[in-house]
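*Asks:* Sending over run.txt (compact mmCIF, C-alpha atoms and all ligand atoms).
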# COMPACT_ATOMS: atom_id res chain seq x y z
CA MET A 1 30.70 103.01 -11.98
CA LYS A 2 34.23 104.12 -12.89
CA LEU A 3 36.39 105.96 -10.38
CA ALA A 4 39.68 107.87 -10.59
CA TYR A 5 41.91 106.70 -7.78
CA PHE A 6 44.80 108.31 -5.89
CA PRO A 7 46.80 105.67 -3.98
CA GLY A 8 49.46 107.72 -2.14
CA CYS A 9 52.97 106.58 -1.30
CA THR A 10 52.46 104.18 1.58
CA LEU A 11 49.79 102.10 -0.17
CA LYS A 12 52.47 101.06 -2.65
CA ASN A 13 54.74 99.52 -0.02
CA HIS A 14 54.09 99.21 3.74
CA ALA A 15 50.32 99.33 3.25
CA LYS A 16 50.12 97.24 0.09
CA ASN A 17 47.52 95.12 1.88
CA PHE A 18 45.31 98.22 2.21
CA GLU A 19 45.39 98.83 -1.54
CA ASP A 20 45.09 95.21 -2.66
CA SER A 21 42.17 94.44 -0.39
CA ALA A 22 40.34 97.67 -1.30
CA LEU A 23 40.76 97.12 -5.03
CA CYS A 24 39.55 93.52 -4.72
CA ALA A 25 36.52 94.65 -2.69
CA LEU A 26 35.66 97.37 -5.24
CA ASN A 27 35.99 94.85 -8.03
CA LYS A 28 33.54 92.52 -6.27
CA LEU A 29 31.18 95.49 -5.96
CA GLY A 30 31.38 96.10 -9.68
CA VAL A 31 33.30 99.35 -9.46
CA GLU A 32 35.98 100.00 -12.04
CA VAL A 33 38.97 101.89 -10.67
CA GLU A 34 41.52 103.84 -12.68
CA GLU A 35 44.71 104.91 -10.94
CA LEU A 36 45.82 108.46 -11.78
CA HIS A 37 48.69 108.59 -14.25
CA ARG A 38 51.82 110.29 -12.87
CA TRP A 39 50.28 111.02 -9.48
CA ASN A 40 52.59 112.58 -6.91
CA CYS A 41 52.88 112.51 -3.12
CA CYS A 42 50.26 114.84 -1.61
CA GLY A 43 52.69 115.95 1.11
CA THR A 44 50.79 113.97 3.78
CA VAL A 45 49.84 117.02 5.88
CA PHE A 46 47.77 120.08 5.04
CA SER A 47 49.65 123.35 5.38
CA LEU A 48 48.25 125.32 8.30
CA ALA A 49 50.11 128.62 7.84
CA THR A 50 48.09 131.06 5.72
CA ASP A 51 51.02 132.13 3.53
CA ASP A 52 52.44 128.66 2.89
CA LEU A 53 51.06 128.30 -0.63
CA ILE A 54 53.87 126.26 -2.11
CA HIS A 55 52.77 123.17 -0.19
CA HIS A 56 49.38 123.23 -1.91
CA VAL A 57 51.01 122.64 -5.27
CA ALA A 58 51.46 118.91 -4.67
CA PRO A 59 47.85 118.16 -3.73
CA VAL A 60 46.41 120.46 -6.43
CA ARG A 61 48.58 118.91 -9.12
CA ASN A 62 46.79 115.62 -8.45
CA MET A 63 43.49 117.37 -9.19
CA ILE A 64 44.89 118.20 -12.63
CA ARG A 65 45.83 114.54 -13.07
CA ALA A 66 42.19 113.69 -12.32
CA LYS A 67 40.94 116.25 -14.87
CA GLU A 68 43.22 114.60 -17.42
CA LEU A 69 41.20 111.42 -16.91
CA ASN A 70 38.09 113.45 -17.74
CA THR A 71 36.56 113.07 -14.33
CA ASP A 72 35.54 115.45 -11.57
CA LYS A 73 35.69 112.88 -8.77
CA LEU A 74 38.84 111.60 -7.13
CA MET A 75 38.78 108.73 -4.65
CA THR A 76 41.45 107.90 -2.10
CA MET A 77 41.50 105.61 0.94
CA CYS A 78 44.42 106.78 3.05
CA ALA A 79 42.98 109.07 5.73
CA MET A 80 45.98 111.43 5.59
CA CYS A 81 45.97 111.73 1.80
CA TYR A 82 42.23 112.28 1.95
CA ASN A 83 42.56 115.07 4.49
CA THR A 84 45.39 116.83 2.65
CA LEU A 85 43.89 116.54 -0.84
CA LYS A 86 40.46 117.56 0.34
CA ARG A 87 41.55 120.52 2.47
CA SER A 88 43.85 121.96 -0.22
CA ASN A 89 41.10 121.47 -2.75
CA GLU A 90 38.55 123.23 -0.52
CA ARG A 91 40.94 126.15 -0.11
CA MET A 92 41.30 126.41 -3.89
CA LYS A 93 37.53 126.40 -4.30
CA LYS A 94 37.08 129.25 -1.83
CA ASP A 95 40.15 131.34 -2.50
CA ALA A 96 40.44 132.41 -6.14
CA GLU A 97 43.59 134.43 -5.51
CA SER A 98 45.49 131.43 -4.13
CA LEU A 99 44.21 129.28 -6.97
CA ASP A 100 45.61 131.79 -9.49
CA ILE A 101 49.00 131.75 -7.80
CA ILE A 102 49.04 127.94 -7.70
CA ASN A 103 48.12 127.76 -11.39
CA ASP A 104 50.92 130.22 -12.12
CA LEU A 105 53.39 128.07 -10.23
CA MET A 106 52.33 125.13 -12.40
CA TYR A 107 52.52 127.07 -15.66
CA GLU A 108 53.81 124.05 -17.56
CA GLU A 109 50.65 122.04 -16.92
CA GLU A 110 48.37 121.96 -19.95
CA VAL A 111 45.20 121.92 -17.88
CA LYS A 112 44.48 124.92 -15.62
CA TYR A 113 42.82 123.86 -12.41
CA LYS A 114 39.45 125.46 -11.74
CA GLY A 115 38.59 123.96 -8.37
CA ASP A 116 36.12 121.59 -9.95
CA VAL A 117 37.20 118.20 -8.64
CA GLU A 118 35.55 116.53 -5.67
CA VAL A 119 37.78 114.50 -3.34
CA LEU A 120 36.10 111.43 -1.87
CA HIS A 121 37.13 108.90 0.70
CA LEU A 122 36.43 105.26 -0.08
CA LEU A 123 34.08 105.12 2.91
CA GLU A 124 32.02 107.92 1.41
CA VAL A 125 31.94 106.11 -1.91
CA LEU A 126 30.71 102.95 -0.19
CA ARG A 127 28.04 104.77 1.82
CA ASP A 128 26.82 107.43 -0.61
CA GLY A 129 27.93 106.28 -4.07
CA ILE A 130 27.48 102.50 -4.10
CA HIS A 131 25.21 102.69 -1.02
CA PHE A 132 25.55 100.51 2.03
CA THR A 133 22.40 98.56 1.16
CA ALA A 134 23.93 97.52 -2.18
CA VAL A 135 27.12 96.49 -0.37
CA SER A 136 25.19 94.35 2.09
CA GLU A 137 23.49 92.51 -0.76
CA LYS A 138 26.91 91.36 -2.00
CA ILE A 139 28.15 89.92 1.30
CA LYS A 140 29.16 86.29 0.80
CA THR A 141 31.07 85.48 3.98
CA PRO A 142 29.57 87.37 6.92
CA LEU A 143 32.10 88.14 9.66
CA GLN A 144 29.96 86.14 12.07
CA GLY A 145 30.97 86.53 15.69
CA LEU A 146 34.01 88.73 15.03
CA LYS A 147 34.22 91.59 17.53
CA VAL A 148 35.63 94.63 15.76
CA ALA A 149 36.66 97.96 17.28
CA SER A 150 36.75 100.76 14.69
CA TYR A 151 39.44 103.35 15.31
CA TYR A 152 38.88 106.61 13.41
CA GLY A 153 41.80 108.72 14.63
CA CYS A 154 42.10 112.34 13.46
CA TYR A 155 42.26 112.92 9.76
CA LEU A 156 39.15 111.04 8.73
CA VAL A 157 36.90 113.18 10.92
CA ARG A 158 38.61 116.49 11.68
CA PRO A 159 38.28 119.36 11.07
CA LYS A 160 34.54 119.73 10.72
CA GLU A 161 34.64 121.13 7.15
CA ILE A 162 36.14 117.99 5.68
CA GLY A 163 34.62 115.21 7.71
CA PHE A 164 31.78 113.09 6.38
CA ASP A 165 30.78 111.97 9.84
CA ASN A 166 30.32 113.29 13.37
CA GLN A 167 33.66 114.47 14.80
CA GLU A 168 33.14 113.33 18.37
CA ASN A 169 31.20 110.16 17.70
CA PRO A 170 31.73 108.91 14.14
CA THR A 171 29.96 105.67 13.26
CA ILE A 172 30.56 105.05 9.55
CA LEU A 173 33.18 102.31 10.09
CA ASP A 174 31.02 100.63 12.74
CA GLU A 175 28.06 100.67 10.34
CA LEU A 176 30.17 99.13 7.60
CA MET A 177 31.54 96.44 9.91
CA ALA A 178 28.01 95.63 11.08
CA LEU A 179 26.76 95.16 7.55
CA CYS A 180 29.73 92.87 6.87
CA GLY A 181 28.33 90.72 9.67
CA ALA A 182 30.79 91.68 12.43
CA THR A 183 29.90 92.83 15.94
CA PRO A 184 31.01 96.47 16.36
CA ILE A 185 32.63 97.26 19.71
CA ASP A 186 32.43 100.83 20.97
CA PHE A 187 35.30 102.27 23.02
CA PRO A 188 36.12 105.73 24.34
CA TYR A 189 39.35 106.41 22.42
CA LYS A 190 38.14 106.00 18.85
CA VAL A 191 38.93 109.60 17.86
CA GLU A 192 41.97 110.05 20.13
CA CYS A 193 45.19 110.88 18.23
CA CYS A 194 47.71 107.99 18.03
CA GLY A 195 50.58 110.48 17.96
CA ALA A 196 51.01 110.34 14.17
CA TYR A 197 54.50 111.34 12.96
CA LEU A 198 55.86 111.71 16.50
CA THR A 199 56.56 108.01 15.91
CA VAL A 200 59.76 109.11 14.14
CA ASP A 201 61.37 111.15 16.92
CA LYS A 202 59.45 110.00 20.01
CA PRO A 203 58.28 106.37 19.76
CA GLU A 204 57.84 106.34 23.54
CA ILE A 205 54.95 108.81 23.19
CA ILE A 206 53.32 106.48 20.66
CA ALA A 207 53.76 103.63 23.14
CA GLU A 208 51.79 105.60 25.75
CA ARG A 209 48.98 106.31 23.29
CA THR A 210 48.92 102.76 21.95
CA ASN A 211 48.76 101.45 25.49
CA GLN A 212 45.79 103.71 26.19
CA ILE A 213 43.90 103.16 22.91
CA ILE A 214 44.53 99.41 22.48
CA GLY A 215 44.21 98.87 26.24
CA SER A 216 40.70 100.29 26.09
CA VAL A 217 39.83 98.19 23.03
CA VAL A 218 40.95 95.01 24.78
CA LYS A 219 39.04 95.90 27.94
CA LYS A 220 35.88 96.27 25.86
CA GLY A 221 36.36 92.75 24.53
CA ALA A 222 37.25 93.46 20.89
CA GLU A 223 39.20 90.82 18.95
CA VAL A 224 40.57 93.04 16.18
CA VAL A 225 40.90 96.76 15.46
CA VAL A 226 40.23 98.32 12.05
CA VAL A 227 41.70 101.59 10.75
CA SER A 228 41.79 103.58 7.53
CA CYS A 229 45.17 105.27 7.94
CA PRO A 230 48.56 103.64 7.32
CA LEU A 231 50.16 105.82 10.00
CA CYS A 232 47.56 104.81 12.60
CA ALA A 233 48.10 101.22 11.47
CA PHE A 234 51.84 101.50 11.94
CA ASN A 235 51.53 103.13 15.36
CA LEU A 236 48.84 100.82 16.70
CA ASP A 237 50.30 97.62 15.21
CA GLN A 238 54.08 97.81 14.74
CA ARG A 239 54.54 100.01 17.80
CA GLN A 240 52.95 97.31 19.97
CA LYS A 241 56.52 95.99 20.14
CA VAL A 242 57.86 98.99 22.09
CA THR A 243 54.55 99.36 23.95
CA LYS A 244 54.88 95.84 25.35
CA LYS A 245 58.44 96.63 26.43
CA ILE A 246 57.44 99.77 28.35
CA PHE A 247 54.10 98.42 29.64
CA PRO A 248 54.55 94.69 30.42
CA ASP A 249 50.81 94.20 31.13
CA PHE A 250 49.90 95.38 27.64
CA LYS A 251 47.91 92.81 25.64
CA ASN A 252 48.54 92.44 21.90
CA ILE A 253 45.68 92.53 19.41
CA PRO A 254 45.71 92.49 15.58
CA VAL A 255 45.13 95.76 13.69
CA LEU A 256 43.67 95.51 10.18
CA TYR A 257 42.57 97.87 7.45
CA PHE A 258 38.78 97.99 7.24
CA THR A 259 39.14 97.01 3.59
CA GLN A 260 40.71 93.67 4.53
CA LEU A 261 37.62 92.67 6.50
CA LEU A 262 35.33 94.07 3.81
CA ALA A 263 37.25 92.05 1.19
CA ILE A 264 36.89 88.85 3.24
CA SER A 265 33.15 89.35 3.55
CA LEU A 266 32.82 90.01 -0.18
CA GLY A 267 34.59 86.75 -0.98
CA CYS A 268 38.11 87.90 -1.94
CA SER A 269 40.82 85.28 -1.64
CA GLU A 270 43.63 85.37 0.91
CA ASN A 271 46.06 86.43 -1.86
CA ASP A 272 44.34 89.82 -1.95
CA LEU A 273 44.53 90.41 1.78
CA GLY A 274 48.25 90.66 2.52
CA LEU A 275 47.74 89.23 6.00
CA ASN A 276 51.49 88.57 6.26
CA LEU A 277 52.28 92.31 6.49
CA HIS A 278 51.15 92.76 10.09
CA HIS A 279 53.24 92.82 13.25
CA ILE A 280 50.49 91.11 15.26
CA ASP A 281 49.33 88.28 13.00
CA PRO A 282 45.56 88.47 12.39
CA ARG A 283 45.42 85.00 10.82
CA PRO A 284 44.89 82.95 14.02
CA ILE A 285 41.72 84.85 15.02
CA LEU A 286 40.42 84.90 11.43
CA LYS A 287 41.02 81.13 11.17
CA GLU A 288 39.34 80.54 14.49
CA LYS A 289 36.24 82.31 13.16
CA GLY A 290 36.39 80.30 9.93
CA LEU A 291 36.95 83.42 7.81
CA ILE A 292 40.13 82.31 6.02
CA MET B 293 56.88 132.45 38.05
CA ARG B 294 56.87 136.24 37.77
CA ILE B 295 55.25 137.63 34.67
CA ASN B 296 55.50 141.22 33.55
CA ILE B 297 52.54 142.37 31.53
CA SER B 298 52.94 145.75 29.90
CA ARG B 299 51.39 147.81 27.17
CA LYS B 300 54.73 147.66 25.38
CA ASN B 301 54.44 143.90 24.97
CA ARG B 302 51.03 144.24 23.39
CA GLN B 303 52.54 146.32 20.59
CA ASN B 304 54.95 143.52 19.86
CA PRO B 305 55.20 142.71 16.11
CA PHE B 306 55.38 139.05 17.12
CA ILE B 307 51.66 139.11 18.04
CA GLU B 308 50.78 140.59 14.64
CA LYS B 309 52.86 137.94 12.89
CA VAL B 310 51.23 135.07 14.77
CA GLN B 311 47.75 136.42 14.03
CA GLU B 312 48.52 137.01 10.38
CA LEU B 313 50.15 133.63 9.67
CA SER B 314 47.60 131.66 11.68
CA GLY B 315 44.60 133.63 10.45
CA GLN B 316 43.32 133.75 14.05
CA ASN B 317 42.14 136.57 16.29
CA LEU B 318 43.89 135.70 19.54
CA LEU B 319 41.91 138.15 21.65
CA VAL B 320 38.64 136.26 21.37
CA CYS B 321 39.99 133.49 23.63
CA TYR B 322 38.34 133.68 27.06
CA GLN B 323 40.53 131.03 28.68
CA CYS B 324 37.90 128.39 29.24
CA GLY B 325 40.56 125.69 28.99
CA LYS B 326 38.56 123.33 26.81
CA CYS B 327 41.41 123.05 24.32
CA SER B 328 43.77 121.81 27.02
CA ALA B 329 41.17 119.52 28.58
CA GLY B 330 40.89 117.44 25.41
CA CYS B 331 44.46 117.65 24.17
CA PRO B 332 46.08 114.20 24.07
CA ALA B 333 49.56 115.72 24.25
CA VAL B 334 49.35 117.68 27.53
CA SER B 335 51.46 115.18 29.47
CA ASN B 336 54.36 116.05 27.16
CA MET B 337 53.80 119.81 27.26
CA ASP B 338 55.33 122.49 29.46
CA ILE B 339 52.86 125.21 28.37
CA LEU B 340 49.28 123.98 27.85
CA PRO B 341 47.30 124.91 24.70
CA ASN B 342 45.14 127.54 26.49
CA GLN B 343 48.32 129.02 27.99
CA ILE B 344 49.91 129.10 24.54
CA ILE B 345 47.04 131.31 23.39
CA ARG B 346 47.34 133.55 26.48
CA TYR B 347 51.13 133.85 26.05
CA ALA B 348 50.63 134.72 22.39
CA GLN B 349 48.06 137.41 23.31
CA LEU B 350 50.66 138.93 25.60
CA GLY B 351 53.56 138.62 23.19
CA PHE B 352 55.67 136.16 25.21
CA LYS B 353 57.78 135.24 22.23
CA ASP B 354 60.80 133.61 23.89
CA GLU B 355 58.73 131.47 26.25
CA LEU B 356 56.68 130.18 23.34
CA LEU B 357 59.52 129.55 20.93
CA GLU B 358 61.52 127.71 23.59
CA SER B 359 58.64 125.53 24.75
CA LYS B 360 58.53 121.76 24.39
CA SER B 361 54.81 121.95 23.66
CA ILE B 362 55.09 123.10 20.08
CA TRP B 363 56.93 119.87 19.21
CA ALA B 364 54.55 117.67 21.22
CA CYS B 365 51.48 118.83 19.30
CA ALA B 366 50.65 116.54 16.37
CA SER B 367 48.01 118.85 14.82
CA CYS B 368 45.29 116.36 15.74
CA MET B 369 42.70 119.19 15.54
CA THR B 370 40.83 118.11 18.67
CA CYS B 371 41.27 121.56 20.21
CA ASN B 372 40.10 123.26 17.01
CA VAL B 373 36.84 121.35 16.80
CA ARG B 374 36.09 121.93 20.49
CA CYS B 375 36.97 125.60 21.03
CA PRO B 376 33.70 127.43 21.81
CA LYS B 377 35.16 130.62 20.35
CA GLY B 378 36.15 128.99 17.07
CA ILE B 379 39.87 129.57 17.48
CA ASN B 380 42.14 127.27 15.50
CA ILE B 381 44.72 126.59 18.19
CA ALA B 382 46.55 124.05 16.02
CA GLU B 383 47.16 126.81 13.46
CA VAL B 384 48.67 129.07 16.13
CA ILE B 385 51.00 126.28 17.22
CA GLU B 386 51.94 125.56 13.59
CA VAL B 387 52.95 129.20 13.20
CA LEU B 388 55.17 129.03 16.28
CA ARG B 389 56.95 126.05 14.74
CA GLN B 390 57.14 127.83 11.41
CA LEU B 391 58.77 130.92 12.97
CA LEU B 392 61.65 128.67 14.05
CA LEU B 393 61.74 126.45 10.97
CA ARG B 394 61.86 129.47 8.69
CA LYS B 395 65.11 130.38 10.41
CA ARG B 396 66.37 126.87 9.69
CA LYS B 397 66.08 125.77 13.31
CA ASP B 398 65.02 122.23 12.49
CA HIS B 399 63.57 120.10 15.23
CA VAL B 400 64.42 116.79 13.56
CA GLU B 401 67.86 116.58 11.99
CA VAL B 402 67.49 114.43 8.92
CA ASP B 403 71.23 114.10 8.25
CA LYS B 404 71.76 112.69 11.74
CA MET B 405 69.22 109.93 11.25
CA THR B 406 70.66 106.52 10.41
CA ASN B 407 69.36 104.50 7.48
CA ALA B 408 68.08 101.91 9.93
CA GLU B 409 66.02 104.60 11.68
CA LYS B 410 64.58 105.76 8.38
CA GLU B 411 63.82 102.23 7.22
CA ASP B 412 62.07 101.44 10.48
CA VAL B 413 59.08 103.67 9.65
CA PRO B 414 56.79 103.91 6.60
CA PRO B 415 57.02 106.82 4.09
CA ILE B 416 53.87 108.41 5.49
CA ALA B 417 55.60 108.84 8.86
CA LEU B 418 58.86 110.19 7.45
CA ILE B 419 57.27 112.64 5.04
CA SER B 420 54.85 114.05 7.60
CA CYS B 421 57.58 114.30 10.23
CA PHE B 422 59.89 116.16 7.83
CA ARG B 423 57.05 118.42 6.68
CA LYS B 424 56.24 119.40 10.26
CA PHE B 425 59.61 119.36 11.95
CA THR B 426 62.14 120.46 9.32
CA SER B 427 62.50 123.54 7.12
S1 LIG C 501 39.14 126.38 23.95
FE1 LIG C 501 39.30 128.32 22.78
S2 LIG C 501 38.46 129.91 24.14
FE2 LIG C 501 38.83 128.08 25.40
S3 LIG C 501 40.93 128.41 26.24
FE3 LIG C 501 41.17 127.22 24.36
S4 LIG C 501 41.50 128.74 22.75
FE4 LIG C 501 40.66 129.84 24.51
S1 LIG C 502 46.17 119.94 17.74
FE1 LIG C 502 47.92 119.94 19.14
S2 LIG C 502 47.29 121.27 20.84
FE2 LIG C 502 45.42 120.76 19.71
S3 LIG C 502 44.61 118.98 20.81
FE3 LIG C 502 45.89 118.18 19.13
S4 LIG C 502 47.93 117.87 20.02
FE4 LIG C 502 46.74 119.20 21.45
Give the structure from this file in structure tokens form.
*Replies:*
Amino acid sequence: MKLAYFPGCTLKNHAKNFEDSALCALNKLGVEVEELHRWNCCGTVFSLATDDLIHHVAPVRNMIRAKELNTDKLMTMCAMCYNTLKRSNERMKKDAESLDIINDLMYEEEVKYKGDVEVLHLLEVLRDGIHFTAVSEKIKTPLQGLKVASYYGCYLVRPKEIGFDNQENPTILDELMALCGATPIDFPYKVECCGAYLTVDKPEIIAERTNQIIGSVVKKGAEVVVVSCPLCAFNLDQRQKVTKKIFPDFKNIPVLYFTQLLAISLGCSENDLGLNLHHIDPRPILKEKGLI
Amino acid sequence: MRINISRKNRQNPFIEKVQELSGQNLLVCYQCGKCSAGCPAVSNMDILPNQIIRYAQLGFKDELLESKSIWACASCMTCNVRCPKGINIAEVIEVLRQLLLRKRKDHVEVDKMTNAEKEDVPPIALISCFRKFTS
């Protein structure tokens, strides 16, 4: 299997560990990945105002980059990129008039976009493309005894039209963690918003949410949290610093990308995991479990 | 608080604008409150999501555009997926922000942010914040 891949901005710096671990895992699964040439930032958020067409240019231009690779499938792993690319793409598929305008705005592109690319999240690729059963056959180091809470947040599951799982009770990450050998831990805040970009102007709001979300995870006995969004990761991990300051009883816990745990279970080496990029170091618990 | 409801307000072009830019029919809301019940941002709001819809139905432009709520909402879409009438509340709130941003009334002032503040957060946070809170 060969897949066109859109990384997005943050996977090239703060979330390098997300990209490296995912690419290593895909390699172990025998999937060849080709990064789009000249991809551009998707804009991170889908435009919600009906007349705001200009902000669909960035996501749609990436569809053209995919067409240039002669493919009609585009895979991404950042939950925000996924949401933005997929929603803009869905609008183009349904709304021929907007698509015409967008193509006009990009008149210098050689390829005209026809709404014929499918945007996929890595989790979908694992479940429906490679198939979970095939993944489980490749597990070398089961995450024996590791209690993992999967946090889904917003953009992976909402709104209904784009999600590939139930919006109120998604389970895809829990299923993946279980087949990697971990013990999934359920908790009530798995689809509660972490506050997203309010982290820029109101970190104290993020501290409240982190206290609530991580507090619940800890109460349920989880040892690590996994996410699929670099903004969730930043808020739930790096913002534990300010959370601890405001809420002295707060208990720290490592936050990982689901791909890092997947990569461990598929036998990737520590060099591909970027475990040094976290605020709360996940290495002690992973060592304790004999996973690194 | 005293609220004057009049026919005149209902003919307010502001209501038309909000409906047009959000693509929502505000009048179908029957004030069940489900949007506010599940909203994670209510503790930072002065007007709750169901009240935002009611105020918009009645054309309370100034109250809405001056509210803290529109900058506390992070478009998490919880209200949208739960509204029994299928109203996209997050879209209505986006439009209220847009009405201000399109007049260059930015909520976050990029030029007043220090480099240290910008370096403290990843690109995904900065770009989304600027997309939502600046013109
Ligand atoms: S959930 Fe929908 S119908 Fe109920 S108050 Fe909110 S907007 Fe109105
Ligand atoms: S989209 Fe905004 S109003 Fe709706 S639930 Fe989320 S934060 Fe609350």
*Asks:* If you count all atoms listed in the file, which residues fall within 9 Å of Leu392 (chain B), apart from same-chain ones fewer than 5 positions away, as a list in words?
*Replies:*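 Residues near the query, excluding close chain neighbours: Leu357, Val387, Lys397, Asp398, His399 and Ser427 of chain B.
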*Asks:* Could you list, as a list in words, the residues of chain A having an atom within 8 Å of chain B when counting only C-alpha atoms?
*Replies:*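 Therefore, the residues near the partner are Cys9, Thr10, His14, Gly43, Thr44, Val45, Leu48, Ala49, Thr50, Asp51, Cys154, Tyr155, Arg158, Pro159, Lys160, Gln167, Glu192, Cys193, Gly195, Ala196, Tyr197, Leu198, Thr199, Val200, Asp201, Pro230, Leu231 and Phe234 of chain A.
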*Asks:* Counting all atoms listed in the file, what are the residues, protein, DNA or RNA alike, that approach ligand LIG 501 (chain C) to within 9 Å? I want them as a PyMOL selection string.
*Replies:* chain B and resi 318-329+341-346+371-372+374-381
*Asks:* Could you name the residues that touch Pro282 (chain A) at 12 Å or less, counting all atoms listed in the file, but leaving out those on the same chain fewer than 5 positions away, as number ranges by chain?
*Replies:* A: 146, 223-226, 237, 252-257, 260-261, 273-277, 287-289, 291-292
*Asks:* Rounded to one decimal, what separation in Å do you get between CA of Ala263 (chain A) and CA of Glu35 (chain A)?
*Replies:* 19.2 Å
*Asks:* With distances taken over all atoms listed in the file, which of B:Gly351, B:Leu393, B:Asp338, B:Ser359 is nearest to Asn296 (chain B)?
*Replies:*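 Residue with the minimum atom-to-atom distance to Asn296 (chain B): B:Gly351.
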*Asks:* As an exercise, work out the distance from CA of Gln212 (chain A) to CA of Pro170 (chain A) in Å and give it to one decimal place.
*Replies:*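 Taking CA of Gln212 (chain A) and CA of Pro170 (chain A), their separation equals 19.2 Å.
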*Asks:* I want to know what sits within 10 Å of Val217 (chain A), based on only C-alpha atoms, with residues of the same chain fewer than 6 positions away left out; could you give that as a PyMOL selection string?
*Replies:* chain A and resi 148-151+185-190+211+223-225+253
*Asks:* Could you please determine the separation between CA of His121 (chain A) and CA of Leu176 (chain A) in Å, to one decimal place?
*Replies:* 13.8 Å
*Asks:* Take every atom of ligand LIG 502 (chain C) listed in the file, fit an axis-aligned box around them, add 3 Å per side, and give the centre and edge lengths in Å to one decimal as JSON.
*Replies:*
{"center_x": 46.3, "center_y": 119.6, "center_z": 19.6, "size_x": 9.3, "size_y": 9.4, "size_z": 9.7}
*Asks:* Which residues are near Gly290 (chain A)? Cut-off 9 Å, all atoms listed in the file, ignore same chain within fewer than 5 positions. Put them as a list in words.
*Replies:*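 Answer for this query is Leu143, Gln144 and Ile285 of chain A.
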*Asks:* Would you put the residues from that selection into a file with C-alpha atoms, as an mmCIF file, in the frame of the given file?
*Replies:*
data_model
loop_
_atom_site.group_PDB
_atom_site.id
_atom_site.type_symbol
_atom_site.label_atom_id
_atom_site.label_comp_id
_atom_site.auth_asym_id
_atom_site.auth_seq_id
_atom_site.Cartn_x
_atom_site.Cartn_y
_atom_site.Cartn_z
ATOM 1 C CA LEU A 143 32.100 88.140 9.660
ATOM 2 C CA GLN A 144 29.960 86.140 12.070
ATOM 3 C CA ILE A 285 41.720 84.850 15.020
#
*Asks:* Can you work out which one of A:Ile205, A:Ile264, A:Val218, A:Ile246 has the shortest atom-to-atom distance to ligand LIG 502 (chain C), counting only C-alpha atoms and all ligand atoms?
*Replies:*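 So, comparing all the options, the nearest one is A:Ile205.
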*Asks:* Show me, as a PyMOL selection string, the residues that have an atom within 10 Å of Lys300 (chain B) when counting all atoms listed in the file, minus same-chain residues fewer than 3 positions from it.
*Replies:* chain B and resi 297+303-304+350-351
*Asks:* Which of these residues is nearest to ligand LIG 502 (chain C), using only C-alpha atoms and all ligand atoms: A:Gly8, A:Leu26, A:Cys194, A:Lys138?
*Replies:* A:Cys194
*Asks:* Which is closer to ligand LIG 502 (chain C) than all the others in A:Leu3, A:Ala182, A:Val191, A:Leu123, using all atoms listed in the file?
*Replies:*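 Counting all atoms listed in the file, the residue closest to ligand LIG 502 (chain C) is A:Val191.
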*Asks:* Considering all atoms listed in the file, state which residue in the set A:Glu118, A:Thr71, A:Ile54, A:Leu29 is at the smallest distance from Leu85 (chain A).
*Replies:* A:Glu118
*Asks:* Could I see region 372-379 of chain B restored to N, CA, C and O atoms, set down as a CSV table (one decimal), keeping the file's coordinate frame?
*Replies:*
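This went into selection09.csv:
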chain,number,residue,atom,x,y,z
B,372,ASN,N,40.8,122.4,18.0
B,372,ASN,CA,40.1,123.3,17.0
B,372,ASN,C,38.6,123.0,17.0
B,372,ASN,O,37.8,123.9,16.9
B,373,VAL,N,38.3,121.7,16.9
B,373,VAL,CA,36.8,121.4,16.8
B,373,VAL,C,36.1,121.6,18.1
B,373,VAL,O,34.9,121.7,18.1
B,374,ARG,N,36.8,121.8,19.2
B,374,ARG,CA,36.1,121.9,20.5
B,374,ARG,C,36.1,123.4,21.0
B,374,ARG,O,35.3,123.7,21.9
B,375,CYS,N,36.9,124.2,20.5
B,375,CYS,CA,37.0,125.6,21.0
B,375,CYS,C,35.6,126.3,20.8
B,375,CYS,O,35.2,126.5,19.7
B,376,PRO,N,35.0,126.8,21.9
B,376,PRO,CA,33.7,127.4,21.8
B,376,PRO,C,33.8,128.8,21.1
B,376,PRO,O,32.8,129.3,20.7
B,377,LYS,N,35.0,129.3,21.0
B,377,LYS,CA,35.2,130.6,20.4
B,377,LYS,C,35.7,130.5,18.9
B,377,LYS,O,36.0,131.4,18.2
B,378,GLY,N,35.8,129.2,18.5
B,378,GLY,CA,36.2,129.0,17.1
B,378,GLY,C,37.6,129.3,16.8
B,378,GLY,O,37.9,129.6,15.6
B,379,ILE,N,38.5,129.3,17.8
B,379,ILE,CA,39.9,129.6,17.5
B,379,ILE,C,40.5,128.3,17.0
B,379,ILE,O,40.3,127.2,17.6
